[in-house]
Amino acid sequence: MAWHCYRRSRPATLVAERFYNLKIGIPWTDLERRLDQESVMALCGEAPLLEKSEIECSMGVDTGRDLHVVILRDDEEDYERQHLVHLAVCPSFEELDALMKRFHVTCCVIDGMPETHSTRAFAARHAGSVFMCFFNEHQRGALKWDAQAGMIQVNRTEALDASRAAVRDRKLILPRRASLID
């Protein structure tokens, strides 16, 4: 898509950000839209982090040397909001199995790279509930969700923009402040 196509349908600041980030690969952000620690910490509520949940949850996992886990639960009053109920850093995929059970995880999205073999095995153990996410720089618009294959394709920049928007628009509620949250 050419630069002029961005300009027609988006505000100028978003146009420039997307052009720099997606087209020429130079990190850029609008300073007025940037998240700071104060705005993130303002999302903290009074609930503590949980060790288990009887209510269904969703889970996101970033793979690497360790597995960084975020577990979310839908807000009972506003379907567009979610509560972060648990954070974990797990050294093994077997620990993810226990979290799936303890938090009644019905949907888990896990980074498909770089641990593809281990991620596939985890997804196979929880077929229908675990979806491997692969970033595709050419993906535009809505993410591509293939339930049959247990895979999702999404543009990394668009996914990060959506996460930032959820924080900025107060669609995420964090637990009360604690050292792990800070």
# chains A, B, ... in the order shown; residues from 1 in each chain; ligands from 1
call {"tool": "residues_around", "arguments": {"residues": "stretch 84-96 of chain A", "least_positions_apart": "4", "cutoff": "10 Å", "atoms": "only C-alpha atoms", "output": "VMD selection string"}}
result
chain A and resid 44 47 to 53 57 to 75 100 to 103 118 to 119 121 to 122 172 to 175 180 to 181
call {"tool": "closest_atom_pairs", "arguments": {"of": "stretch 84-118 of chain A", "to": "stretch 143-153 of chain A", "cutoff": "10 Å", "atoms": "only C-alpha atoms", "output": "JSON lines"}}
result
{"residue": "A:Val109", "atom": "CA", "partner": "A:Ile152", "partner_atom": "CA", "distance": 8.2}
{"residue": "A:Ile110", "atom": "CA", "partner": "A:Met151", "partner_atom": "CA", "distance": 9.4}
{"residue": "A:Asp111", "atom": "CA", "partner": "A:Ile152", "partner_atom": "CA", "distance": 9.5}
{"residue": "A:Gly112", "atom": "CA", "partner": "A:Met151", "partner_atom": "CA", "distance": 8.5}
call {"tool": "closest_residue", "arguments": {"among": "A:Arg176, A:Val130, A:Arg168, A:Asn155", "to": "A:Ala142", "atoms": "only C-alpha atoms"}}
result
A:Asn155
call {"tool": "select_by_dssp", "arguments": {"residues": "stretch 20-181 of chain A", "states": "strand (DSSP E)", "output": "count of residues only"}}
result
45
call {"tool": "closest_residue", "arguments": {"among": "A:Gln37, A:Glu46, A:Val154, A:Gly128", "to": "A:Ala178", "atoms": "only C-alpha atoms"}}
result
A:Glu46
call {"tool": "select_by_dssp", "arguments": {"residues": "stretch 88-127 of chain A", "states": "alpha helix (DSSP H)", "output": "list in words"}}
result
Phe93, Glu94, Glu95, Leu96, Asp97, Ala98, Leu99, Met100, Lys101, Arg102, Thr116, His117, Ser118, Thr119, Arg120, Ala121, Phe122, Ala123, Ala124 and Arg125 of chain A
call {"tool": "atom_distance", "arguments": {"atom1": "atom CA of A:Phe135", "atom2": "atom CA of A:Thr116"}}
result
13.1 Å
call {"tool": "atom_distance", "arguments": {"atom1": "atom CA of A:Glu137", "atom2": "atom CA of A:Thr106"}}
result
27.8 Å
call {"tool": "closest_residue", "arguments": {"among": "A:Asp169, A:Arg81, A:Phe134, A:Met113", "to": "A:Ala42", "atoms": "only C-alpha atoms"}}
result
A:Asp169
call {"tool": "atom_distance", "arguments": {"atom1": "atom CA of A:Asp182", "atom2": "atom CA of A:Cys133"}}
result
27.1 Å
